[in-house]
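Student: Pasting in a structure now, in structure tokens, and then I'll have a few things to ask.
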Amino acid sequence: MPQANLAIVAHIEAKADRAEEVKTLLSSALSLANEEKGTINWFAVQIDNTHFAIFDTFVDEQGRQAHLNGKIAAALLGKAEELLVSAPQIMTANILASKV
């Protein structure tokens, strides 16, 4: 398998009364991530009651852009105003080292 050298790190802050819905949305997104050929690794994590993060890895920019324009982003951004304190903070990154 090719080495992933690109990533996306997204920070998500749920409205206090909508945190369970965000948790469910992120948990259910795994099946969508599995459909993405260009997404090598995909992690959704809960940091505390209202803070979540997504970390994804990619071999090339084409895979990263496909993910940014894919179903997970559409689902999350489509409900952002309803579920989140503010829009997700989405950052692109280069992977310096990894162990998977």
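Residues are named by chain letter and number: chains run A, B, ... in the order of the structure tokens, numbers start at 1 in each chain, and ligands are numbered from 1 in the order shown.
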From a DSSP calculation on the backbone, collect every residue of range 4-84 of chain A in helix (DSSP H, G or I) and output the set as a ChimeraX atom specification.
Tutor: /A:16-28,30-35,61-68,71-78,80-83
Student: Dump C-alpha atoms for the selected residues as a tab-separated table (two decimals), in the first residue's frame?
Tutor:
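Generated output (out.tsv):
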chain	number	residue	atom	x	y	z
A	16	ALA	CA	-24.05	21.44	24.03
A	17	ASP	CA	-27.57	20.13	23.45
A	18	ARG	CA	-26.63	18.58	20.06
A	19	ALA	CA	-23.41	16.72	20.99
A	20	GLU	CA	-25.04	13.28	20.83
A	21	GLU	CA	-26.28	14.00	17.31
A	22	VAL	CA	-22.78	15.01	16.23
A	23	LYS	CA	-21.38	11.84	17.81
A	24	THR	CA	-23.94	9.75	15.89
A	25	LEU	CA	-23.26	11.60	12.63
A	26	LEU	CA	-19.51	11.04	12.92
A	27	SER	CA	-19.86	7.40	13.95
A	28	SER	CA	-22.17	6.67	11.02
A	30	LEU	CA	-17.36	5.42	8.73
A	31	SER	CA	-19.29	3.61	6.02
A	32	LEU	CA	-18.92	6.67	3.77
A	33	ALA	CA	-15.18	6.86	4.48
A	34	ASN	CA	-14.86	3.20	3.53
A	35	GLU	CA	-16.32	4.02	0.09
A	61	GLU	CA	-3.94	15.73	-3.49
A	62	GLN	CA	-6.60	14.19	-5.72
A	63	GLY	CA	-7.70	11.89	-2.89
A	64	ARG	CA	-7.67	14.73	-0.38
A	65	GLN	CA	-9.77	16.98	-2.63
A	66	ALA	CA	-12.22	14.16	-3.36
A	67	HIS	CA	-12.71	13.74	0.39
A	68	LEU	CA	-13.16	17.48	0.96
A	71	LYS	CA	-20.36	12.87	1.20
A	72	ILE	CA	-18.94	13.20	4.72
A	73	ALA	CA	-18.10	16.87	4.28
A	74	ALA	CA	-21.50	17.49	2.69
A	75	ALA	CA	-23.31	15.80	5.57
A	76	LEU	CA	-21.35	17.68	8.22
A	77	LEU	CA	-21.45	21.06	6.53
A	78	GLY	CA	-25.11	20.60	5.66
A	80	ALA	CA	-23.30	22.75	10.69
A	81	GLU	CA	-25.64	25.62	11.51
A	82	GLU	CA	-28.06	23.29	13.26
A	83	LEU	CA	-25.54	21.17	15.22
Student: Can you check which residues of chain A DSSP gives as strand (DSSP E or B) on the backbone and send them as a VMD selection string?
Tutor: chain A and resid 6 to 14 39 to 46 51 to 58 84 89 to 94
Student: Next, write the just-selected residues to a file, as a short mmCIF file (atom, residue, chain, number, x, y, z; two decimals), in the first residue's frame, keeping N, CA and C atoms as the atom set.
Tutor:
data_model
loop_
_atom_site.label_atom_id
_atom_site.label_comp_id
_atom_site.auth_asym_id
_atom_site.auth_seq_id
_atom_site.Cartn_x
_atom_site.Cartn_y
_atom_site.Cartn_z
N LEU A 6 -0.27 13.03 3.00
CA LEU A 6 -1.12 14.21 3.15
C LEU A 6 -2.22 13.91 4.15
N ALA A 7 -2.74 14.95 4.79
CA ALA A 7 -3.78 14.75 5.80
C ALA A 7 -4.75 15.91 5.83
N ILE A 8 -5.85 15.67 6.49
CA ILE A 8 -6.80 16.71 6.89
C ILE A 8 -7.02 16.53 8.38
N VAL A 9 -7.01 17.64 9.10
CA VAL A 9 -7.35 17.66 10.51
C VAL A 9 -8.52 18.62 10.65
N ALA A 10 -9.63 18.15 11.18
CA ALA A 10 -10.81 18.99 11.34
C ALA A 10 -11.22 19.02 12.80
N HIS A 11 -11.40 20.21 13.34
CA HIS A 11 -11.90 20.39 14.70
C HIS A 11 -13.36 20.78 14.62
N ILE A 12 -14.19 20.11 15.42
CA ILE A 12 -15.63 20.31 15.38
C ILE A 12 -16.11 20.57 16.80
N GLU A 13 -16.87 21.65 17.00
CA GLU A 13 -17.45 21.94 18.31
C GLU A 13 -18.97 21.91 18.20
N ALA A 14 -19.56 20.95 18.88
CA ALA A 14 -21.01 20.79 18.85
C ALA A 14 -21.67 21.74 19.84
N THR A 39 -9.09 7.82 0.34
CA THR A 39 -8.89 8.03 1.77
C THR A 39 -8.23 6.78 2.34
N ILE A 40 -7.00 6.93 2.80
CA ILE A 40 -6.23 5.78 3.31
C ILE A 40 -6.63 5.45 4.75
N ASN A 41 -6.62 6.44 5.62
CA ASN A 41 -7.02 6.28 7.02
C ASN A 41 -8.04 7.36 7.35
N TRP A 42 -8.99 7.03 8.22
CA TRP A 42 -10.02 7.99 8.62
C TRP A 42 -10.32 7.73 10.09
N PHE A 43 -10.20 8.76 10.89
CA PHE A 43 -10.46 8.65 12.32
C PHE A 43 -11.41 9.76 12.73
N ALA A 44 -12.43 9.43 13.50
CA ALA A 44 -13.30 10.42 14.14
C ALA A 44 -13.16 10.20 15.63
N VAL A 45 -12.87 11.27 16.37
CA VAL A 45 -12.63 11.14 17.81
C VAL A 45 -13.44 12.17 18.58
N GLN A 46 -13.76 11.82 19.82
CA GLN A 46 -14.42 12.76 20.72
C GLN A 46 -13.39 13.18 21.76
N HIS A 51 -16.45 18.66 21.98
CA HIS A 51 -15.38 18.82 20.99
C HIS A 51 -15.04 17.47 20.35
N PHE A 52 -14.99 17.51 19.02
CA PHE A 52 -14.69 16.33 18.22
C PHE A 52 -13.61 16.68 17.21
N ALA A 53 -13.02 15.67 16.61
CA ALA A 53 -12.04 15.91 15.55
C ALA A 53 -12.12 14.76 14.56
N ILE A 54 -11.74 15.07 13.34
CA ILE A 54 -11.58 14.07 12.29
C ILE A 54 -10.15 14.20 11.77
N PHE A 55 -9.50 13.05 11.58
CA PHE A 55 -8.15 13.02 11.01
C PHE A 55 -8.18 12.01 9.87
N ASP A 56 -7.80 12.45 8.68
CA ASP A 56 -7.79 11.60 7.50
C ASP A 56 -6.43 11.65 6.84
N THR A 57 -6.05 10.57 6.15
CA THR A 57 -4.78 10.58 5.42
C THR A 57 -5.00 10.18 3.97
N PHE A 58 -4.08 10.66 3.11
CA PHE A 58 -4.20 10.51 1.67
C PHE A 58 -2.82 10.35 1.04
N LEU A 84 -23.64 22.71 15.18
CA LEU A 84 -22.33 23.17 15.63
C LEU A 84 -22.33 24.61 16.11
N GLN A 89 -13.40 23.73 11.82
CA GLN A 89 -12.08 24.26 11.46
C GLN A 89 -11.36 23.15 10.71
N ILE A 90 -11.20 23.31 9.40
CA ILE A 90 -10.61 22.28 8.56
C ILE A 90 -9.23 22.74 8.10
N MET A 91 -8.23 21.93 8.43
CA MET A 91 -6.84 22.27 8.10
C MET A 91 -6.24 21.14 7.28
N THR A 92 -5.51 21.49 6.23
CA THR A 92 -4.75 20.49 5.50
C THR A 92 -3.35 20.44 6.09
N ALA A 93 -2.73 19.27 6.00
CA ALA A 93 -1.42 19.08 6.62
C ALA A 93 -0.60 18.10 5.81
N ASN A 94 0.71 18.16 6.00
CA ASN A 94 1.64 17.18 5.45
C ASN A 94 2.06 16.26 6.58
#
Student: Closest to Lys15 in chain A among A:Thr50, A:Asn69, A:Ser98, A:Gln3, using only C-alpha atoms?
Tutor: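 Looking at the shortest contact to Lys15 in chain A, the residue is A:Thr50.
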Student: Considering only C-alpha atoms, state which residue in the set A:Ala29, A:Glu36, A:Asn5, A:Val59 is at the smallest distance from Ile95 in chain A.
Tutor: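 That would be A:Asn5, the residue with the smallest distance to Ile95 in chain A.
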